[in-house]
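Listing of final_16.cif, mmCIF, C-alpha atoms and all ligand atoms
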```
data_work
loop_
_atom_site.label_atom_id
_atom_site.label_comp_id
_atom_site.auth_asym_id
_atom_site.auth_seq_id
_atom_site.Cartn_x
_atom_site.Cartn_y
_atom_site.Cartn_z
CA MET A 1 33.27 -25.13 28.03
CA SER A 2 34.51 -21.83 26.56
CA ASN A 3 32.40 -20.11 23.93
CA LEU A 4 35.05 -20.78 21.30
CA ILE A 5 35.27 -24.53 21.94
CA ASN A 6 31.51 -24.74 22.20
CA LYS A 7 31.24 -23.07 18.79
CA LEU A 8 33.91 -25.24 17.13
CA ALA A 9 33.26 -28.69 18.62
CA ARG A 10 31.01 -31.23 16.94
CA LYS A 11 27.68 -30.52 18.63
CA GLU A 12 26.90 -34.16 19.40
CA LEU A 13 30.15 -34.51 21.42
CA ILE A 14 29.27 -31.70 23.82
CA ASP A 15 26.68 -33.71 25.73
CA MET A 16 28.10 -37.13 24.93
CA VAL A 17 28.88 -39.33 27.96
CA PRO A 18 32.21 -41.17 27.36
CA TYR A 19 32.54 -44.90 27.99
CA GLN A 20 32.44 -45.47 31.73
CA SER A 21 35.36 -47.88 31.80
CA ALA A 22 36.25 -49.64 35.03
CA ARG A 23 39.26 -47.33 35.42
CA ARG A 24 37.26 -44.17 34.83
CA LEU A 25 34.81 -45.18 37.54
CA PHE A 26 37.61 -46.18 39.94
CA ALA A 27 41.08 -44.95 38.91
CA SER A 28 43.92 -47.15 40.09
CA GLY A 29 46.16 -44.22 41.12
CA ASP A 30 49.78 -44.94 41.99
CA ALA A 31 51.10 -48.46 42.65
CA LYS A 32 50.50 -48.19 46.41
CA GLN A 33 46.91 -47.04 46.00
CA ALA A 34 46.31 -49.75 43.37
CA SER A 35 47.56 -52.50 45.65
CA ASN A 36 45.10 -51.44 48.37
CA LYS A 37 42.19 -52.46 46.18
CA THR A 38 40.90 -55.80 44.92
CA TRP A 39 40.19 -55.27 41.24
CA LEU A 40 37.30 -57.48 40.14
CA ASN A 41 35.58 -54.98 37.85
CA ALA A 42 37.36 -55.06 34.48
CA ASN A 43 37.66 -58.76 33.55
CA GLU A 44 41.43 -58.68 33.84
CA ALA A 45 43.46 -61.72 34.89
CA PRO A 46 44.98 -61.84 38.37
CA GLY A 47 48.73 -62.04 38.91
CA MET A 48 51.38 -59.98 37.16
CA GLY A 49 53.72 -61.27 34.52
CA GLU A 50 57.44 -60.71 34.40
CA TYR A 51 58.86 -59.49 31.12
CA GLN A 52 62.18 -57.92 30.14
CA VAL A 53 62.19 -55.48 27.24
CA SER A 54 65.07 -54.29 25.16
CA SER A 55 65.54 -50.60 24.38
CA GLU A 56 68.09 -51.27 21.65
CA ASN A 57 66.05 -49.88 18.75
CA ILE A 58 63.85 -47.53 20.67
CA ASN A 59 65.16 -44.56 18.64
CA ARG A 60 63.55 -46.13 15.51
CA TYR A 61 59.91 -46.42 14.54
CA PRO A 62 58.62 -49.98 14.83
CA ASP A 63 57.41 -51.91 11.77
CA PHE A 64 53.82 -51.17 10.81
CA GLN A 65 52.96 -54.75 11.81
CA PRO A 66 55.93 -56.26 13.70
CA THR A 67 56.93 -59.54 12.04
CA SER A 68 57.66 -61.48 15.24
CA LEU A 69 54.26 -60.56 16.61
CA LEU A 70 52.34 -61.50 13.46
CA ASN A 71 54.25 -64.78 13.19
CA ALA A 72 53.46 -65.60 16.80
CA TYR A 73 49.76 -64.81 16.43
CA SER A 74 49.58 -66.65 13.13
CA ASN A 75 51.01 -69.78 14.79
CA TYR A 76 48.60 -69.38 17.68
CA CYS A 77 45.39 -68.88 15.68
CA GLY A 78 46.21 -70.93 12.57
CA LEU A 79 45.57 -68.10 10.10
CA LYS A 80 47.90 -66.50 7.56
CA ARG A 81 49.71 -63.30 8.50
CA SER A 82 47.80 -61.50 5.76
CA GLN A 83 44.57 -62.30 7.66
CA ILE A 84 45.74 -60.62 10.87
CA LEU A 85 45.92 -56.96 11.94
CA ALA A 86 47.53 -56.21 15.31
CA THR A 87 45.88 -53.25 17.02
CA ARG A 88 45.96 -51.20 20.21
CA GLY A 89 43.60 -53.59 21.97
CA ALA A 90 40.44 -55.05 20.47
CA ASP A 91 38.90 -51.62 21.13
CA GLU A 92 40.95 -50.15 18.29
CA GLY A 93 39.70 -52.96 16.04
CA ILE A 94 36.10 -51.97 16.82
CA GLU A 95 36.80 -48.35 15.97
CA LEU A 96 38.63 -49.20 12.74
CA ILE A 97 35.83 -51.44 11.52
CA ILE A 98 33.23 -48.73 12.08
CA ARG A 99 35.38 -46.06 10.42
CA SER A 100 36.13 -48.35 7.46
CA PHE A 101 32.59 -49.49 6.71
CA CYS A 102 30.22 -46.79 7.99
CA ARG A 103 29.92 -43.37 6.41
CA ALA A 104 29.42 -40.78 9.18
CA TYR A 105 25.81 -39.61 9.51
CA GLU A 106 24.64 -42.05 6.85
CA ASP A 107 25.27 -45.64 7.92
CA SER A 108 24.48 -47.62 11.04
CA ILE A 109 25.83 -50.47 13.10
CA LEU A 110 23.69 -53.11 14.78
CA ILE A 111 24.24 -54.29 18.34
CA CYS A 112 22.50 -56.94 20.44
CA PRO A 113 22.22 -55.61 24.00
CA PRO A 114 23.02 -56.36 26.73
CA THR A 115 26.50 -56.20 25.23
CA TYR A 116 29.93 -54.59 25.36
CA GLY A 117 29.60 -50.80 25.54
CA MET A 118 32.38 -49.77 23.17
CA TYR A 119 30.48 -50.74 19.99
CA GLY A 120 27.92 -48.02 20.74
CA ILE A 121 30.47 -45.48 21.96
CA SER A 122 32.72 -45.90 18.90
CA ALA A 123 29.69 -45.59 16.62
CA GLU A 124 28.52 -42.46 18.42
CA ASN A 125 32.01 -40.92 18.23
CA HIS A 126 32.14 -41.57 14.52
CA GLY A 127 28.60 -40.39 13.79
CA SER A 128 27.18 -43.81 12.90
CA GLY A 129 23.62 -44.72 13.76
CA ILE A 130 23.00 -47.56 16.24
CA VAL A 131 20.26 -50.13 15.66
CA LYS A 132 19.49 -52.41 18.61
CA VAL A 133 18.15 -55.96 18.39
CA PRO A 134 18.21 -57.14 22.03
CA LEU A 135 19.22 -60.67 22.91
CA ASN A 136 16.46 -63.12 23.64
CA ASN A 137 17.30 -65.30 26.68
CA ASN A 138 20.94 -64.28 26.11
CA GLN A 139 20.84 -65.62 22.53
CA LEU A 140 20.39 -63.96 19.12
CA ASP A 141 16.93 -62.91 18.02
CA LEU A 142 17.25 -64.08 14.42
CA GLU A 143 13.83 -62.78 13.39
CA GLY A 144 14.70 -59.38 14.79
CA LEU A 145 18.03 -59.47 12.91
CA GLN A 146 16.31 -60.42 9.66
CA GLN A 147 14.20 -57.26 9.83
CA GLN A 148 17.38 -55.15 9.76
CA VAL A 149 18.94 -56.70 6.65
CA GLY A 150 19.75 -53.88 4.22
CA LYS A 151 19.51 -51.23 6.94
CA VAL A 152 22.90 -51.62 8.68
CA LYS A 153 26.52 -51.94 7.55
CA VAL A 154 28.16 -53.69 10.52
CA VAL A 155 26.64 -56.19 12.99
CA PHE A 156 28.47 -56.72 16.30
CA LEU A 157 28.02 -60.09 18.01
CA CYS A 158 29.87 -60.93 21.21
CA SER A 159 30.58 -64.57 22.04
CA PRO A 160 31.26 -65.31 24.88
CA GLY A 161 29.21 -62.21 25.62
CA ASN A 162 30.17 -59.40 27.94
CA PRO A 163 28.49 -58.88 30.40
CA THR A 164 26.27 -61.96 30.04
CA GLY A 165 29.18 -64.44 29.83
CA ASN A 166 27.59 -67.15 27.70
CA LEU A 167 28.45 -68.34 24.21
CA LEU A 168 26.05 -67.61 21.38
CA VAL A 169 24.84 -70.80 19.67
CA LYS A 170 27.24 -71.29 16.74
CA GLU A 171 24.43 -72.18 14.32
CA ASP A 172 22.77 -68.86 15.17
CA ILE A 173 25.99 -66.95 14.48
CA ILE A 174 26.22 -68.71 11.11
CA ALA A 175 22.54 -67.96 10.43
CA ALA A 176 23.22 -64.26 11.18
CA ILE A 177 26.25 -64.26 8.85
CA GLU A 178 24.08 -65.85 6.14
CA LEU A 179 21.32 -63.28 6.66
CA PHE A 180 23.73 -60.38 6.15
CA LYS A 181 26.04 -62.00 3.62
CA ASP A 182 25.25 -59.51 0.83
CA ASP A 183 24.64 -56.45 3.00
CA ALA A 184 26.76 -56.18 6.12
CA ILE A 185 29.93 -57.21 7.90
CA VAL A 186 29.32 -59.47 10.90
CA VAL A 187 31.91 -58.98 13.64
CA VAL A 188 32.25 -61.78 16.18
CA ASP A 189 34.00 -60.38 19.25
CA GLU A 190 35.97 -63.26 20.76
CA ALA A 191 37.72 -61.32 23.53
CA TYR A 192 37.02 -64.25 25.91
CA ILE A 193 37.36 -67.16 23.46
CA GLU A 194 40.36 -68.71 25.29
CA PHE A 195 37.89 -69.83 27.97
CA SER A 196 36.10 -72.04 25.34
CA PRO A 197 38.52 -72.16 22.39
CA ALA A 198 36.68 -74.83 20.38
CA GLU A 199 33.85 -72.33 19.76
CA THR A 200 35.87 -69.89 17.65
CA CYS A 201 34.43 -68.59 14.39
CA THR A 202 37.78 -68.22 12.59
CA ASN A 203 36.96 -71.34 10.56
CA LEU A 204 34.17 -69.38 8.84
CA PHE A 205 36.51 -67.17 6.79
CA THR A 206 36.84 -69.79 4.06
CA GLN A 207 33.09 -69.83 3.52
CA TYR A 208 31.99 -66.23 4.12
CA ASP A 209 33.43 -62.89 2.94
CA ASN A 210 31.58 -60.80 5.51
CA VAL A 211 33.08 -62.11 8.77
CA ILE A 212 35.55 -60.41 11.10
CA VAL A 213 36.76 -61.87 14.42
CA LEU A 214 38.16 -59.70 17.23
CA ARG A 215 40.68 -61.02 19.75
CA THR A 216 42.72 -59.57 22.62
CA LEU A 217 45.64 -60.29 24.94
CA SER A 218 43.86 -58.40 27.76
CA LYS A 219 41.98 -61.37 29.22
CA ALA A 220 43.37 -64.94 29.22
CA PHE A 221 46.87 -63.66 28.42
CA ALA A 222 46.83 -61.32 31.45
CA LEU A 223 48.15 -58.34 29.44
CA ALA A 224 45.40 -55.70 29.72
CA GLY A 225 47.99 -53.01 30.47
CA LEU A 226 49.85 -53.80 27.26
CA ARG A 227 46.97 -52.79 24.95
CA CYS A 228 47.31 -55.39 22.24
CA GLY A 229 44.52 -56.97 20.23
CA PHE A 230 44.00 -58.60 16.85
CA THR A 231 41.50 -58.23 14.06
CA LEU A 232 41.16 -61.42 12.01
CA ALA A 233 39.51 -61.41 8.59
CA SER A 234 40.00 -62.00 4.87
CA GLU A 235 43.10 -60.47 3.28
CA GLU A 236 40.82 -58.01 1.47
CA ILE A 237 39.31 -56.69 4.73
CA ILE A 238 42.71 -56.48 6.46
CA THR A 239 44.04 -54.44 3.51
CA LEU A 240 41.12 -52.05 3.87
CA LEU A 241 41.50 -51.63 7.64
CA SER A 242 45.25 -51.06 7.12
CA LYS A 243 44.39 -47.88 5.23
CA VAL A 244 42.59 -46.44 8.24
CA ILE A 245 44.82 -47.48 11.16
CA ALA A 246 47.61 -45.22 12.47
CA PRO A 247 51.07 -45.69 10.86
CA TYR A 248 52.78 -47.31 13.86
CA PRO A 249 50.00 -48.88 15.88
CA ILE A 250 52.11 -51.33 17.91
CA SER A 251 55.02 -49.97 19.91
CA ALA A 252 58.26 -51.98 20.01
CA PRO A 253 58.02 -52.95 23.73
CA VAL A 254 54.40 -54.07 23.19
CA ALA A 255 55.41 -56.24 20.23
CA GLU A 256 58.25 -57.76 22.22
CA ILE A 257 56.19 -58.65 25.29
CA ALA A 258 53.22 -59.86 23.24
CA SER A 259 55.43 -62.10 21.07
CA LYS A 260 56.83 -63.74 24.21
CA ALA A 261 53.36 -64.25 25.69
CA LEU A 262 52.26 -65.89 22.43
CA SER A 263 55.16 -68.33 22.32
CA ALA A 264 56.86 -69.20 25.63
CA GLY A 265 53.79 -67.95 27.54
CA LEU A 266 51.19 -70.23 25.96
CA ASP A 267 51.36 -72.98 28.62
CA GLU A 268 51.05 -70.38 31.35
CA MET A 269 47.97 -68.99 29.63
CA ALA A 270 46.39 -72.45 29.42
CA GLU A 271 47.05 -73.01 33.14
CA ARG A 272 45.58 -69.61 33.98
CA VAL A 273 42.41 -70.47 32.05
CA GLN A 274 42.10 -73.80 33.86
CA ASP A 275 42.49 -72.14 37.28
CA CYS A 276 39.99 -69.47 36.35
CA ASN A 277 37.40 -72.02 35.22
CA GLN A 278 37.79 -73.91 38.50
CA ILE A 279 37.41 -70.80 40.70
CA LYS A 280 34.48 -69.71 38.55
CA ALA A 281 32.64 -73.01 39.01
CA ASN A 282 33.07 -72.77 42.80
CA LEU A 283 31.95 -69.14 42.92
CA SER A 284 28.95 -69.89 40.75
CA ALA A 285 27.86 -72.74 43.08
CA TRP A 286 28.35 -70.45 46.11
CA LEU A 287 26.37 -67.57 44.56
CA ASN A 288 23.51 -69.94 43.79
CA LYS A 289 23.16 -70.67 47.50
CA GLN A 290 22.96 -67.04 48.67
CA SER A 291 19.55 -65.73 49.72
CA TRP A 292 20.19 -62.34 48.05
CA CYS A 293 20.99 -63.92 44.67
CA SER A 294 18.08 -64.83 42.39
CA GLU A 295 19.99 -65.85 39.23
CA VAL A 296 23.54 -66.81 38.26
CA PHE A 297 24.23 -66.52 34.54
CA VAL A 298 26.08 -69.29 32.71
CA SER A 299 29.63 -68.11 32.02
CA ASN A 300 32.13 -69.18 29.38
CA ALA A 301 34.38 -66.24 30.23
CA ASN A 302 36.50 -65.00 33.16
CA PHE A 303 33.63 -63.38 35.04
CA ILE A 304 30.22 -64.19 36.47
CA LEU A 305 27.09 -62.10 36.14
CA PHE A 306 24.45 -62.56 38.82
CA ARG A 307 21.11 -60.99 39.68
CA CYS A 308 20.20 -59.78 43.15
CA THR A 309 16.71 -60.32 44.51
CA ASN A 310 15.97 -56.56 44.43
CA LEU A 311 17.48 -53.11 44.02
CA ASP A 312 18.18 -52.66 47.74
CA GLU A 313 20.16 -55.90 47.87
CA LYS A 314 22.09 -54.98 44.73
CA THR A 315 23.06 -51.62 46.22
CA ARG A 316 23.88 -53.14 49.62
CA ILE A 317 26.19 -55.78 48.13
CA PHE A 318 27.97 -53.39 45.78
CA ASP A 319 28.50 -50.74 48.49
CA LEU A 320 29.55 -53.28 51.10
CA LEU A 321 32.27 -54.59 48.78
CA VAL A 322 33.43 -51.05 47.91
CA SER A 323 33.71 -50.29 51.65
CA TYR A 324 36.20 -53.19 51.81
CA ASN A 325 38.00 -51.89 48.70
CA ILE A 326 36.68 -54.78 46.59
CA LEU A 327 35.53 -53.45 43.24
CA ILE A 328 33.01 -55.32 41.10
CA ARG A 329 30.94 -53.97 38.21
CA ASP A 330 27.36 -52.78 38.36
CA GLN A 331 25.60 -53.86 35.15
CA SER A 332 22.08 -53.00 36.27
CA LYS A 333 21.68 -50.07 33.86
CA GLN A 334 21.84 -52.39 30.85
CA ILE A 335 18.67 -53.54 29.17
CA GLN A 336 17.39 -56.85 30.70
CA LEU A 337 19.93 -56.67 33.53
CA ASP A 338 17.96 -55.11 36.40
CA ASN A 339 19.77 -55.66 39.73
CA CYS A 340 22.69 -57.46 38.04
CA LEU A 341 26.32 -57.29 39.19
CA ARG A 342 29.40 -58.77 37.52
CA ILE A 343 32.38 -60.26 39.33
CA THR A 344 35.67 -60.82 37.51
CA ILE A 345 37.28 -64.12 38.48
CA GLY A 346 40.35 -62.96 40.39
CA SER A 347 42.82 -65.13 42.29
CA GLU A 348 41.60 -67.77 44.75
CA GLN A 349 42.47 -65.43 47.66
CA GLU A 350 40.63 -62.49 46.12
CA ILE A 351 37.46 -64.50 45.61
CA ALA A 352 37.75 -65.98 49.12
CA GLN A 353 38.04 -62.43 50.47
CA LEU A 354 34.92 -61.38 48.53
CA LYS A 355 32.95 -64.35 49.89
CA GLU A 356 34.08 -63.59 53.43
CA VAL A 357 32.87 -59.98 53.19
CA LEU A 358 29.52 -61.10 51.78
CA THR A 359 28.97 -63.86 54.31
C1 LIG B 401 33.79 -58.08 24.65
C2 LIG B 401 34.99 -57.21 24.70
N1 LIG B 401 35.54 -56.82 23.55
C3 LIG B 401 36.62 -56.03 23.54
C4 LIG B 401 37.19 -55.59 24.71
C5 LIG B 401 38.36 -54.66 24.64
O1 LIG B 401 39.53 -55.37 24.76
P1 LIG B 401 40.95 -54.65 24.68
O2 LIG B 401 41.44 -54.56 26.08
O3 LIG B 401 41.76 -55.56 23.85
O4 LIG B 401 40.76 -53.32 24.04
C6 LIG B 401 36.65 -55.98 25.93
C7 LIG B 401 37.23 -55.50 27.19
O5 LIG B 401 36.72 -55.64 28.26
C8 LIG B 401 35.51 -56.80 25.93
O6 LIG B 401 34.93 -57.20 27.06
#
```

File written out as structure tokens:
Amino acid sequence: MSNLINKLARKELIDMVPYQSARRLFASGDAKQASNKTWLNANEAPGMGEYQVSSENINRYPDFQPTSLLNAYSNYCGLKRSQILATRGADEGIELIIRSFCRAYEDSILICPPTYGMYGISAENHGSGIVKVPLNNNQLDLEGLQQQVGKVKVVFLCSPGNPTGNLLVKEDIIAAIELFKDDAIVVVDEAYIEFSPAETCTNLFTQYDNVIVLRTLSKAFALAGLRCGFTLASEEIITLLSKVIAPYPISAPVAEIASKALSAGLDEMAERVQDCNQIKANLSAWLNKQSWCSEVFVSNANFILFRCTNLDEKTRIFDLLVSYNILIRDQSKQIQLDNCLRITIGSEQEIAQLKEVLT
């Protein structure tokens, strides 16, 4: 870094390691290079959609929150439009929440590792502190959470969890919301909720003022490349977040494609979820029988986390798959996840190919 930039930049950013997203670790390159690889490392859905977009009004700015999109999501999730904020992926929702509730270098967020990495990265970028209360057997440690009441502004829970895959017990989520009801916002990240829709926490808004739910079209809706997510909360919270978000967060083509996926595309999404759950059950049974696998985590999402018997086996399996251009995700650096790898549930052929390489 030049002397000038070194002098001007925020000091904490100079050594900061950015989020190691699946595409930073393995870039997809051009279409030809991308099609040479089997992408099972970012919890995307297999199979591409076909959408037509109109360029009729592309010379105009889009609405701040495109009406057709908000109507479609409102119909889908059963909440009022005033309780919904469409964002550039759920990742933007995470960032907005931290920027809206945490004062830089004064306030902190709380996370329950092993969990999704962007909560910590967004907090670090903003200058928020990070308090960690690790999961206990992949569930909330309510006693640990209680000790942090009054010390944090935002609590991030992830259910179904990434990378663990399981749902948090709903009573525990409610207990956490109760614990923090006068002191902190509790965010329930439901990026994978379509794989167990009955477990959503959106019904808690009527009872609690401190709840936010995050959603995305990147997973069950097979639209990761679109970058469209939703923050669901009380009208009061949505009004606050709307002061922080960029003026035109959703581009017109994104709104158009997302609106179609949320109306005509709903049956297709339900079918995709059903297929995924079937392939996942088969893969889970297969993994359980492999000598190099010591644990298969319960999954309510579109991926499976498993533990290898030791570090050598973990490295061998990961590298073997890479040598066949099959990319999965190494989660072994996360707390409690020694020797763990995560496989996204791809198409039937992709998973068959993975099994063949590993057999
Ligand atoms: C738990 C969780 N939350 C949020 C996101 C981000 O989703 P989006 O693609 O909508 O930004 C992901 C993406 O992998 C995730 O796993």

A:Val186, A:Ala22, A:Leu287, A:Ile304 ranked by distance to ligand LIG 401 (chain B), top pick (using all atoms listed in the file):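 Smallest separation from ligand LIG 401 (chain B) among the options: A:Ala22.
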
Contacts to ligand LIG 401 (chain B) at 7 Å cut-off (all atoms listed in the file) as a ChimeraX atom specification: /A:42-43,88-92,116,158,161-162,189-191,215-218,224,227-229

Close residues, Ile245 (chain A) itself excluded, 7 Å, all atoms listed in the file, min 3 positions apart in chain, as a PyMOL selection string: chain A and resi 96+241-242

For region 324-330 of chain A, list every protein, DNA or RNA residue within 9 Å, evaluated using all atoms listed in the file, and leave out those in the same chain fewer than 6 positions away; present the list as a list of chain:residue names.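 Once the adjacent positions are removed, what remains is A:Ala22, A:Phe26, A:Asn36, A:Lys37, A:Thr38, A:Trp39, A:Leu40, A:Asn41, A:Ala42, A:Lys314, A:Phe318, A:Asn339, A:Cys340, A:Leu341, A:Arg342, A:Ile343, A:Thr344, A:Glu350, A:Gln353, A:Leu354, A:Val357.
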
Just to confirm, what's the straight-line distance from CA of Phe156 (chain A) to CA of Lys243 (chain A) in Å (one decimal)?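 Pair CA of Phe156 (chain A) / CA of Lys243 (chain A) returns 21.3 Å.
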
Here is a test: counting only C-alpha atoms, which residue of A:Gly165, A:Gly129, A:Pro46, A:Gly117 is nearest to Lys153 (chain A)? A:Gly129

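One finds CA of Pro113 (chain A) at 15.3 Å from CA of Glu143 (chain A).
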
Can you tell me, as a PyMOL selection string, what residues are no more than 10 Å from region 269-271 of chain A when counting all atoms listed in the file, ignoring any on the same chain fewer than 2 positions away? chain A and resi 194-195+219-222+261-262+264-267+273-277
